[in-house]
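Shown next: entry-v1.cif, given as mmCIF, C-alpha atoms and all ligand atoms.
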data_work
loop_
_atom_site.label_atom_id
_atom_site.label_comp_id
_atom_site.auth_asym_id
_atom_site.auth_seq_id
_atom_site.Cartn_x
_atom_site.Cartn_y
_atom_site.Cartn_z
CA MET D 294 1.20 -5.33 17.46
CA TYR D 295 4.17 -4.11 19.51
CA ASP D 296 7.71 -3.23 18.50
CA THR D 297 10.79 -4.46 20.36
CA ASP D 298 10.57 -1.40 22.67
CA HIS D 299 7.02 -2.49 23.64
CA ASN D 300 5.41 0.46 21.83
CA LEU D 301 2.46 -0.06 19.50
CA VAL D 302 3.56 -0.34 15.88
CA ASN D 303 2.39 2.77 14.03
CA ALA D 304 2.61 1.81 10.34
CA HIS D 305 -0.72 1.85 8.53
CA GLY D 306 -1.42 1.25 4.85
CA ALA D 307 1.98 -0.41 5.06
CA GLY D 308 4.37 -2.07 2.65
CA VAL D 309 7.39 -4.29 3.22
CA MET D 310 10.72 -4.35 1.39
CA TYR D 311 13.06 -7.34 1.82
CA HIS D 312 16.69 -6.32 1.42
CA ASN D 313 19.90 -8.19 2.35
CA GLY D 314 18.15 -10.53 4.79
CA VAL D 315 16.10 -7.86 6.54
CA TYR D 316 12.41 -6.99 6.19
CA TYR D 317 11.69 -3.26 6.31
CA LEU D 318 8.15 -2.18 7.14
CA PHE D 319 6.99 1.29 6.07
CA GLY D 320 3.63 2.76 6.99
CA GLU D 321 1.53 5.84 7.69
CA ILE D 322 2.03 7.37 11.12
CA LYS D 323 -1.45 8.00 12.49
CA LYS D 324 -1.32 10.11 15.62
CA GLY D 325 -3.63 12.67 17.14
CA LYS D 326 -7.31 13.39 17.29
CA THR D 327 -9.48 12.13 14.44
CA TRP D 328 -11.86 14.67 12.93
CA SER D 329 -14.53 14.48 10.28
CA VAL D 330 -14.00 16.66 7.19
CA SER D 331 -17.21 18.60 6.63
CA GLY D 332 -18.95 18.94 3.28
CA GLN D 333 -18.06 15.51 1.96
CA SER D 334 -20.61 13.08 0.54
CA TRP D 335 -18.73 10.22 2.24
CA GLU D 336 -17.28 9.62 5.70
CA ASP D 337 -14.03 11.55 5.40
CA TYR D 338 -12.31 11.01 8.75
CA ARG D 339 -8.77 12.30 9.12
CA VAL D 340 -5.83 12.64 11.50
CA PRO D 341 -2.90 15.00 10.80
CA ALA D 342 -0.58 13.44 8.20
CA GLY D 343 2.20 12.11 10.44
CA GLY D 344 4.72 11.07 7.77
CA ILE D 345 6.09 7.58 7.24
CA SER D 346 7.56 5.26 9.86
CA CYS D 347 10.09 2.47 9.36
CA TYR D 348 10.57 -0.78 11.32
CA SER D 349 13.00 -3.63 10.64
CA SER D 350 12.85 -7.34 11.33
CA LYS D 351 14.70 -10.53 10.44
CA ASP D 352 11.80 -12.87 11.24
CA LEU D 353 8.62 -10.81 10.53
CA LYS D 354 7.78 -11.16 14.22
CA HIS D 355 10.14 -8.91 16.14
CA TRP D 356 10.03 -5.37 14.75
CA LYS D 357 12.60 -2.75 15.70
CA TYR D 358 11.52 0.86 15.35
CA GLU D 359 13.95 2.62 13.00
CA GLY D 360 12.37 6.07 13.24
CA VAL D 361 10.53 8.42 10.90
CA ALA D 362 11.61 7.60 7.35
CA LEU D 363 9.80 10.57 5.79
CA SER D 364 8.89 13.55 7.96
CA PRO D 365 5.85 15.74 7.43
CA VAL D 366 6.11 19.56 7.52
CA LYS D 367 3.98 21.97 9.53
CA GLY D 368 2.27 25.19 8.48
CA GLN D 369 2.96 24.91 4.74
CA PRO D 370 -0.45 24.10 3.23
CA ASP D 371 0.93 24.14 -0.32
CA ASN D 372 3.58 21.53 0.51
CA ASP D 373 2.67 17.91 -0.33
CA LEU D 374 3.98 16.81 3.07
CA ASP D 375 2.05 19.33 5.17
CA THR D 376 0.32 17.76 8.16
CA GLY D 377 -3.00 19.00 6.72
CA ARG D 378 -2.54 16.81 3.64
CA VAL D 379 -3.02 13.10 3.07
CA ILE D 380 0.12 10.89 2.95
CA GLU D 381 -0.99 7.28 2.52
CA ARG D 382 0.05 3.75 1.53
CA PRO D 383 3.87 4.16 1.25
CA LYS D 384 5.72 1.42 -0.61
CA VAL D 385 9.51 1.12 -1.04
CA ILE D 386 11.66 -0.77 -3.58
CA TYR D 387 15.40 -0.91 -4.19
CA ASN D 388 16.91 0.15 -7.49
CA SER D 389 20.07 -1.88 -8.02
CA LYS D 390 21.26 0.38 -10.87
CA THR D 391 21.09 3.67 -8.96
CA LYS D 392 21.61 1.96 -5.58
CA GLN D 393 18.76 4.06 -4.20
CA PHE D 394 15.73 3.10 -2.17
CA VAL D 395 12.65 4.57 -3.82
CA MET D 396 9.42 5.28 -1.96
CA TRP D 397 6.11 5.99 -3.70
CA MET D 398 2.99 7.06 -1.83
CA HIS D 399 -0.47 8.54 -2.29
CA ILE D 400 -0.45 12.31 -1.78
CA ASP D 401 -3.72 14.16 -1.51
CA LYS D 402 -5.66 17.09 -0.12
CA LYS D 403 -8.13 16.39 2.66
CA ASP D 404 -11.04 16.18 0.15
CA TYR D 405 -9.03 13.75 -2.07
CA SER D 406 -9.28 16.09 -5.06
CA TYR D 407 -5.49 16.29 -5.62
CA SER D 408 -5.10 12.55 -6.41
CA GLN D 409 -1.34 12.34 -7.01
CA SER D 410 1.51 9.89 -6.42
CA GLY D 411 4.53 11.22 -4.55
CA VAL D 412 8.08 9.90 -4.78
CA ALA D 413 11.01 10.10 -2.35
CA VAL D 414 14.53 8.56 -2.32
CA SER D 415 17.19 7.54 0.13
CA ASP D 416 20.63 5.91 0.06
CA ASN D 417 19.73 4.06 3.24
CA PRO D 418 16.79 1.63 3.56
CA ILE D 419 15.58 3.18 6.82
CA GLY D 420 15.86 6.74 5.49
CA PRO D 421 15.68 9.61 5.93
CA TYR D 422 13.93 9.81 2.55
CA HIS D 423 14.27 12.95 0.46
CA TYR D 424 10.92 13.93 -1.06
CA ILE D 425 11.14 14.81 -4.77
CA SER D 426 7.62 15.69 -5.95
CA SER D 427 4.22 14.27 -6.84
CA VAL D 428 2.63 13.57 -10.18
CA LYS D 429 -0.53 12.50 -11.93
CA PRO D 430 0.89 9.66 -14.07
CA ASN D 431 0.17 10.50 -17.73
CA GLY D 432 -2.27 13.13 -16.43
CA GLN D 433 -4.33 10.43 -14.70
CA MET D 434 -5.71 10.61 -11.15
CA SER D 435 -3.83 8.43 -8.70
CA ARG D 436 -5.18 7.54 -5.24
CA ASP D 437 -4.78 4.19 -3.39
CA MET D 438 -1.62 2.65 -4.80
CA THR D 439 1.03 -0.01 -4.56
CA LEU D 440 4.40 -0.72 -6.17
CA PHE D 441 5.51 -3.94 -7.79
CA LYS D 442 9.10 -4.78 -8.76
CA ASP D 443 9.21 -7.60 -11.27
CA ASP D 444 11.88 -10.31 -11.63
CA ASP D 445 13.42 -8.46 -14.59
CA GLY D 446 13.98 -5.34 -12.45
CA LYS D 447 11.16 -3.36 -14.05
CA ALA D 448 8.89 -1.60 -11.57
CA TYR D 449 5.24 -0.64 -11.83
CA LEU D 450 2.92 1.77 -10.04
CA ILE D 451 -0.61 0.41 -9.62
CA TYR D 452 -3.27 2.91 -8.54
CA SER D 453 -6.96 3.67 -8.31
CA SER D 454 -7.71 6.22 -11.01
CA GLU D 455 -10.56 7.90 -12.87
CA GLN D 456 -12.42 8.88 -9.64
CA ASN D 457 -11.69 5.38 -8.28
CA ASN D 458 -13.73 3.81 -11.09
CA THR D 459 -10.80 2.11 -12.82
CA MET D 460 -7.31 0.98 -11.82
CA GLN D 461 -4.23 1.64 -13.87
CA VAL D 462 -0.82 -0.05 -14.07
CA CYS D 463 2.05 2.18 -15.14
CA LEU D 464 5.64 1.15 -15.94
CA LEU D 465 8.18 3.32 -14.11
CA SER D 466 11.37 4.66 -15.66
CA ASP D 467 14.58 2.65 -15.14
CA ASP D 468 15.48 4.79 -12.10
CA TYR D 469 11.95 4.23 -10.72
CA LEU D 470 11.50 7.99 -10.27
CA HIS D 471 9.05 8.74 -13.10
CA PRO D 472 5.97 7.18 -14.68
CA THR D 473 6.54 6.22 -18.32
CA LYS D 474 3.99 6.50 -21.12
CA THR D 475 3.42 2.75 -20.93
CA TYR D 476 0.29 2.21 -18.88
CA SER D 477 -2.93 0.25 -19.03
CA ARG D 478 -6.46 0.49 -17.62
CA ILE D 479 -7.54 -2.55 -15.63
CA LEU D 480 -10.63 -3.53 -13.62
CA VAL D 481 -12.47 -0.95 -15.71
CA ASN D 482 -15.51 0.54 -13.93
CA ARG D 483 -15.11 -2.00 -11.11
CA ARG D 484 -14.48 0.70 -8.43
CA ARG D 485 -11.63 -0.99 -6.59
CA GLU D 486 -8.98 0.36 -4.22
CA ALA D 487 -6.30 -0.84 -1.74
CA PRO D 488 -4.32 -2.78 -4.41
CA ALA D 489 -1.86 -5.48 -3.25
CA MET D 490 0.04 -7.54 -5.84
CA PHE D 491 2.13 -10.68 -5.87
CA LYS D 492 3.51 -13.00 -8.55
CA ASN D 493 3.19 -16.77 -8.46
CA GLU D 494 4.44 -19.17 -11.14
CA GLY D 495 4.62 -16.41 -13.74
CA LYS D 496 1.13 -15.00 -13.09
CA TYR D 497 0.29 -11.65 -11.51
CA TYR D 498 -2.32 -11.61 -8.75
CA LEU D 499 -3.97 -8.39 -7.64
CA ILE D 500 -6.08 -8.24 -4.49
CA THR D 501 -8.24 -5.14 -4.09
CA SER D 502 -11.06 -3.85 -1.91
CA ASP D 503 -14.33 -2.21 -2.78
CA CYS D 504 -14.63 1.55 -2.14
CA SER D 505 -16.36 2.14 1.20
CA GLY D 506 -14.17 4.73 2.92
CA TRP D 507 -12.69 3.34 6.14
CA SER D 508 -15.36 0.64 6.48
CA PRO D 509 -14.43 -2.92 5.53
CA ASN D 510 -15.89 -4.77 2.57
CA ALA D 511 -15.23 -7.93 0.57
CA ALA D 512 -11.87 -8.28 -1.14
CA THR D 513 -11.62 -9.75 -4.62
CA TYR D 514 -8.67 -10.88 -6.68
CA ALA D 515 -7.80 -10.79 -10.34
CA VAL D 516 -5.13 -12.69 -12.30
CA ALA D 517 -3.11 -11.84 -15.40
CA ASP D 518 -0.33 -13.36 -17.50
CA ASN D 519 1.01 -9.89 -18.24
CA ILE D 520 1.29 -7.27 -15.50
CA LEU D 521 -0.36 -4.71 -17.78
CA GLY D 522 -3.34 -7.02 -18.24
CA PRO D 523 -5.87 -8.12 -19.21
CA TYR D 524 -6.91 -9.24 -15.72
CA LYS D 525 -9.50 -11.94 -15.07
CA GLU D 526 -11.55 -11.47 -11.91
CA ASN D 527 -11.77 -14.51 -9.67
CA GLY D 528 -13.93 -13.52 -6.70
CA ASN D 529 -13.22 -13.31 -3.00
CA PRO D 530 -9.98 -14.97 -1.81
CA CYS D 531 -11.13 -14.97 1.83
CA VAL D 532 -12.56 -18.18 3.25
CA GLY D 533 -14.67 -18.71 6.36
CA PRO D 534 -16.66 -16.53 8.75
CA GLY D 535 -15.99 -12.84 8.15
CA ALA D 536 -14.92 -13.35 4.54
CA ASN D 537 -17.44 -10.75 3.32
CA THR D 538 -15.59 -8.01 5.23
CA THR D 539 -12.06 -9.36 4.61
CA PHE D 540 -12.25 -10.29 8.33
CA GLN D 541 -12.96 -6.62 9.17
CA SER D 542 -9.93 -5.37 7.27
CA GLN D 543 -8.65 -3.86 4.03
CA SER D 544 -5.69 -5.09 1.96
CA THR D 545 -2.40 -3.23 1.93
CA TYR D 546 0.46 -5.58 0.95
CA ILE D 547 1.46 -9.18 0.26
CA ILE D 548 4.89 -10.64 1.12
CA LYS D 549 6.32 -13.89 -0.12
CA VAL D 550 7.49 -15.67 3.01
CA ARG D 551 8.79 -19.13 2.32
CA GLY D 552 8.44 -22.00 -0.07
CA LYS D 553 6.68 -21.80 -3.36
CA ASN D 554 3.11 -20.92 -2.53
CA ASN D 555 3.13 -19.24 0.86
CA TYR D 556 2.52 -15.56 1.33
CA LEU D 557 1.60 -13.16 4.08
CA PHE D 558 -1.48 -11.06 3.42
CA MET D 559 -1.22 -7.73 5.26
CA ALA D 560 -4.29 -5.65 5.94
CA ASP D 561 -5.49 -2.70 8.01
CA ARG D 562 -8.28 -2.79 10.53
CA TRP D 563 -9.27 0.85 10.43
CA ASN D 564 -10.84 2.49 13.46
CA LYS D 565 -12.48 5.30 11.53
CA THR D 566 -13.48 7.55 14.43
CA ASP D 567 -10.12 7.10 16.19
CA LEU D 568 -7.67 6.35 13.38
CA GLU D 569 -4.67 6.23 15.73
CA LYS D 570 -6.22 3.11 17.23
CA SER D 571 -6.41 1.33 13.88
CA ASP D 572 -5.04 -2.19 14.05
CA TYR D 573 -3.54 -4.74 11.66
CA LEU D 574 -4.43 -8.16 10.40
CA TRP D 575 -1.78 -10.40 8.88
CA LEU D 576 -2.93 -13.77 7.58
CA PRO D 577 -1.43 -16.64 5.60
CA LEU D 578 -2.28 -16.61 1.91
CA THR D 579 -1.84 -19.67 -0.28
CA VAL D 580 -2.11 -20.35 -4.00
CA ASN D 581 -3.18 -23.78 -5.21
CA ASN D 582 -3.68 -24.38 -8.90
CA GLY D 583 -4.20 -20.67 -9.40
CA LYS D 584 -6.77 -20.38 -6.61
CA VAL D 585 -5.91 -17.86 -3.91
CA GLU D 586 -7.05 -18.50 -0.35
CA ILE D 587 -6.79 -16.35 2.73
CA LYS D 588 -7.87 -18.48 5.62
CA SER D 589 -10.01 -17.43 8.49
CA VAL D 590 -8.23 -18.21 11.75
CA ALA D 591 -9.87 -17.97 15.18
CA ALA D 592 -8.04 -14.77 16.14
CA ALA D 593 -9.16 -13.08 12.95
CA ASN D 594 -12.87 -13.19 13.66
C1 LIG Y 601 -9.94 3.95 1.69
C2 LIG Y 601 -8.49 3.89 1.36
O1 LIG Y 601 -8.17 2.59 1.02
C3 LIG Y 601 -7.69 4.37 2.54
O2 LIG Y 601 -6.32 4.30 2.24
C4 LIG Y 601 -8.11 5.77 2.83
O3 LIG Y 601 -7.79 6.60 1.75
C5 LIG Y 601 -9.61 5.81 3.08
N1 LIG Y 601 -10.33 5.27 1.95
C6 LIG Y 601 -10.11 7.21 3.32
O4 LIG Y 601 -11.50 7.18 3.53
#
Any chance you could give the structure as structure tokens?
Ligand code: DGJ
Amino acid sequence: MYDTDHNLVNAHGAGVMYHNGVYYLFGEIKKGKTWSVSGQSWEDYRVPAGGISCYSSKDLKHWKYEGVALSPVKGQPDNDLDTGRVIERPKVIYNSKTKQFVMWMHIDKKDYSYSQSGVAVSDNPIGPYHYISSVKPNGQMSRDMTLFKDDDGKAYLIYSSEQNNTMQVCLLSDDYLHPTKTYSRILVNRRREAPAMFKNEGKYYLITSDCSGWSPNAATYAVADNILGPYKENGNPCVGPGANTTFQSQSTYIIKVRGKNNYLFMADRWNKTDLEKSDYLWLPLTVNNGKVEIKSVAAAN
């Protein structure tokens, strides 16, 4: 996927914000040599945390590079944004009361023991974003995450918690800068990550992956009438050859594109031993009578 300057798009674990007729894409900048973190019981491959990039588009096809929205820092190991840390899965929403753009992201140490959500703000959609701090919402671990802004303006942080065993949904404060005490445990002991949420006809749909590091696995989805749950699991939304590996990818975000039931499912195709070469997979997602389908297309296999 190339930007309008013919450079490869570098925006992994991405999210998209639609604002005033423009789509803004935010993602992890993965650049540099991939190394394997020693002493881990799982395949912990890393590149230096490169900060967060921003691209803009009016048609979801032509993406203009808008620069680094959130810069990392060098040589400050205690700083959340140090290049030796983990800065993953950025998501941005607009707060119409404060007129600020609010970015939440997963902040971690290279062994994933820190497990916090970081927050940054900007007056401008493309940034630069000013990093505030990171937090364990209500003292709970927070790894893979997404943000969801509901029709009533309330926003929620959804994250893998409890050593990735259980997900949680937490209502944010009115300014979107703090977790509130209102939170729920969902998909209890189901070991899911890579959450991506959308709303269709009043119901909340949450697509997640299994936990297998950078290697792909089967997605599943769950549905709820209330964003805080309970959620009912409904199996794999992917259809066709490759469905058992989400077509070699892992969910990151879902955008409503046009009409009532059409969405764009955005996923990462991680290249675990050379993370800079990780690719993307964007596929149409439909909902029919509550059934979610992500279709296998020739190019996706
Ligand atoms: C899976 C997560 O979904 C990714 O964002 C990343 O944290 C990798 N694990 C690290 O192995």
With distances taken over all atoms listed in the file, which residue among D:Phe319, D:Trp507, D:Tyr295, D:Trp356 lies nearest ligand LIG 601 (chain Y)?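 Closest residue, counting all atoms listed in the file: D:Trp507.
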Within 7 Å of ligand LIG 601 (chain Y), counting all atoms listed in the file, which protein or nucleic acid residues do you find, written as a short mmCIF file (atom, residue, chain, number, x, y, z; two decimals) with C-alpha atoms, in the coordinates of the input?
data_model
loop_
_atom_site.label_atom_id
_atom_site.label_comp_id
_atom_site.auth_asym_id
_atom_site.auth_seq_id
_atom_site.Cartn_x
_atom_site.Cartn_y
_atom_site.Cartn_z
CA GLY D 306 -1.42 1.25 4.85
CA GLU D 336 -17.28 9.62 5.70
CA ASP D 337 -14.03 11.55 5.40
CA TYR D 338 -12.31 11.01 8.75
CA GLU D 381 -0.99 7.28 2.52
CA ARG D 382 0.05 3.75 1.53
CA ASP D 437 -4.78 4.19 -3.39
CA GLU D 486 -8.98 0.36 -4.22
CA ALA D 487 -6.30 -0.84 -1.74
CA CYS D 504 -14.63 1.55 -2.14
CA SER D 505 -16.36 2.14 1.20
CA GLY D 506 -14.17 4.73 2.92
CA TRP D 507 -12.69 3.34 6.14
#
* Point out the residue among D:Thr473, D:Thr579, D:Leu574, D:Lys584 with the least atom-to-atom distance to Gly528 of chain D, counting all atoms listed in the file. =>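 When distances to Gly528 of chain D are compared using all atoms listed in the file, the smallest one comes from D:Lys584.
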Sorted per-residue table, segment 335-397 of chain D near segment 541-558 of chain D, closest atoms and distance, 12 Å, only C-alpha atoms, as JSON lines:
{"residue": "D:Lys351", "atom": "CA", "partner": "D:Val550", "partner_atom": "CA", "distance": 11.6}
{"residue": "D:Asp352", "atom": "CA", "partner": "D:Val550", "partner_atom": "CA", "distance": 9.7}
{"residue": "D:Leu353", "atom": "CA", "partner": "D:Val550", "partner_atom": "CA", "distance": 9.0}
{"residue": "D:Glu381", "atom": "CA", "partner": "D:Thr545", "partner_atom": "CA", "distance": 10.6}
{"residue": "D:Arg382", "atom": "CA", "partner": "D:Thr545", "partner_atom": "CA", "distance": 7.4}
{"residue": "D:Pro383", "atom": "CA", "partner": "D:Thr545", "partner_atom": "CA", "distance": 9.7}
{"residue": "D:Lys384", "atom": "CA", "partner": "D:Tyr546", "partner_atom": "CA", "distance": 8.9}
{"residue": "D:Val385", "atom": "CA", "partner": "D:Tyr546", "partner_atom": "CA", "distance": 11.4}
Computed gap from atom CA of Ile400 of chain D to atom CA of Val361 of chain D is 17.2 Å
Could you list as a PDB file with C-alpha atoms, in the frame of the given file every residue that has an atom within 10 Å of (-0.2, 7.2, 11.7), using the file's coordinates and counting all atoms listed in the file?
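The file below, selection23.pdb, is the result:
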ATOM      1  CA  VAL D 302       3.560  -0.340  15.880  1.00  0.00           C
ATOM      2  CA  ASN D 303       2.390   2.770  14.030  1.00  0.00           C
ATOM      3  CA  ALA D 304       2.610   1.810  10.340  1.00  0.00           C
ATOM      4  CA  HIS D 305      -0.720   1.850   8.530  1.00  0.00           C
ATOM      5  CA  GLY D 306      -1.420   1.250   4.850  1.00  0.00           C
ATOM      6  CA  GLY D 320       3.630   2.760   6.990  1.00  0.00           C
ATOM      7  CA  GLU D 321       1.530   5.840   7.690  1.00  0.00           C
ATOM      8  CA  ILE D 322       2.030   7.370  11.120  1.00  0.00           C
ATOM      9  CA  LYS D 323      -1.450   8.000  12.490  1.00  0.00           C
ATOM     10  CA  LYS D 324      -1.320  10.110  15.620  1.00  0.00           C
ATOM     11  CA  GLY D 325      -3.630  12.670  17.140  1.00  0.00           C
ATOM     12  CA  VAL D 340      -5.830  12.640  11.500  1.00  0.00           C
ATOM     13  CA  PRO D 341      -2.900  15.000  10.800  1.00  0.00           C
ATOM     14  CA  ALA D 342      -0.580  13.440   8.200  1.00  0.00           C
ATOM     15  CA  GLY D 343       2.200  12.110  10.440  1.00  0.00           C
ATOM     16  CA  GLY D 344       4.720  11.070   7.770  1.00  0.00           C
ATOM     17  CA  ILE D 345       6.090   7.580   7.240  1.00  0.00           C
ATOM     18  CA  SER D 346       7.560   5.260   9.860  1.00  0.00           C
ATOM     19  CA  ILE D 380       0.120  10.890   2.950  1.00  0.00           C
ATOM     20  CA  GLU D 381      -0.990   7.280   2.520  1.00  0.00           C
ATOM     21  CA  LEU D 568      -7.670   6.350  13.380  1.00  0.00           C
ATOM     22  CA  GLU D 569      -4.670   6.230  15.730  1.00  0.00           C
ATOM     23  CA  LYS D 570      -6.220   3.110  17.230  1.00  0.00           C
ATOM     24  CA  SER D 571      -6.410   1.330  13.880  1.00  0.00           C
TER      25      SER D 571
END
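With distances taken over all atoms listed in the file, D:Asn519 is the one residue among D:Asn519, D:Asn417, D:Ser334, D:Ser350 lying closest to Val462 of chain D.
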Quick one: pull the distance between atom CA of Ile587 of chain D and atom CA of Phe491 of chain D, Å, one decimal.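 Distance reported for this atom pair: 13.6 Å.
Closest approach to Tyr422 of chain D among D:Ser435, D:His471, D:Lys354, D:Leu363: D:Leu363, based on only C-alpha atoms.
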Review point. Which of these residues is nearest to Thr327 of chain D, using all atoms listed in the file: D:Asp572, D:Asp567, D:Asp371, D:Asp443?
Key: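 The closest residue to Thr327 of chain D is D:Asp567.
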Expressed in Å, the length from atom CA of Asn493 of chain D to atom CA of Ala512 of chain D is 18.8 Å
List the spatial neighbours of Ala517 of chain D as a list in words - criterion: any atom at most 12 Å away, all atoms listed in the file, same-chain residues fewer than 6 positions off excluded.
Ile479, Leu480, Met490, Phe491, Lys492, Asn493, Glu494, Gly495, Lys496, Tyr497, Tyr498, Leu499, Ile500, Pro523, Tyr524, Lys525, Glu526, Asn527 and Gly583 of chain D
Which residues are near segment 531-533 of chain D? Cut-off 8 Å, all atoms listed in the file, ignore same chain within fewer than 2 positions. Put them as a compact mmCIF listing (two decimals) with C-alpha atoms, in the coordinates of the input.
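Result went into around-v3.txt, see below:
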# COMPACT_ATOMS: atom_id res chain seq x y z
CA ALA D 512 -11.87 -8.28 -1.14
CA ASN D 529 -13.22 -13.31 -3.00
CA GLY D 535 -15.99 -12.84 8.15
CA ALA D 536 -14.92 -13.35 4.54
CA ASN D 537 -17.44 -10.75 3.32
CA THR D 539 -12.06 -9.36 4.61
CA GLU D 586 -7.05 -18.50 -0.35
CA ILE D 587 -6.79 -16.35 2.73
CA LYS D 588 -7.87 -18.48 5.62
CA SER D 589 -10.01 -17.43 8.49
message = With distances taken over only C-alpha atoms, which residue among D:Leu578, D:Val412, D:Ala489, D:Val315 lies nearest Trp397 of chain D?
response =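 Nearest to Trp397 of chain D: D:Val412.
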Just need the box for segment 532-536 of chain D, edges along x, y and z, holding every atom the file lists for it with 3 Å tacked onto each side, so centre and edge lengths in Å to one decimal, as JSON.
{"center_x": -14.6, "center_y": -15.8, "center_z": 6.0, "size_x": 10.1, "size_y": 11.9, "size_z": 11.5}
Met434 of chain D environment, 9 Å, all atoms listed in the file, sequence neighbours closer than 3 positions dropped, as a VMD selection string:
chain D and resid 406 to 410 428 to 431 452 to 457
Leaving out Pro472 of chain D and any residue of its chain fewer than 3 positions from it, which residues lie within 7 Å of it when counting all atoms listed in the file, given as a PyMOL selection string? chain D and resi 430+463-466
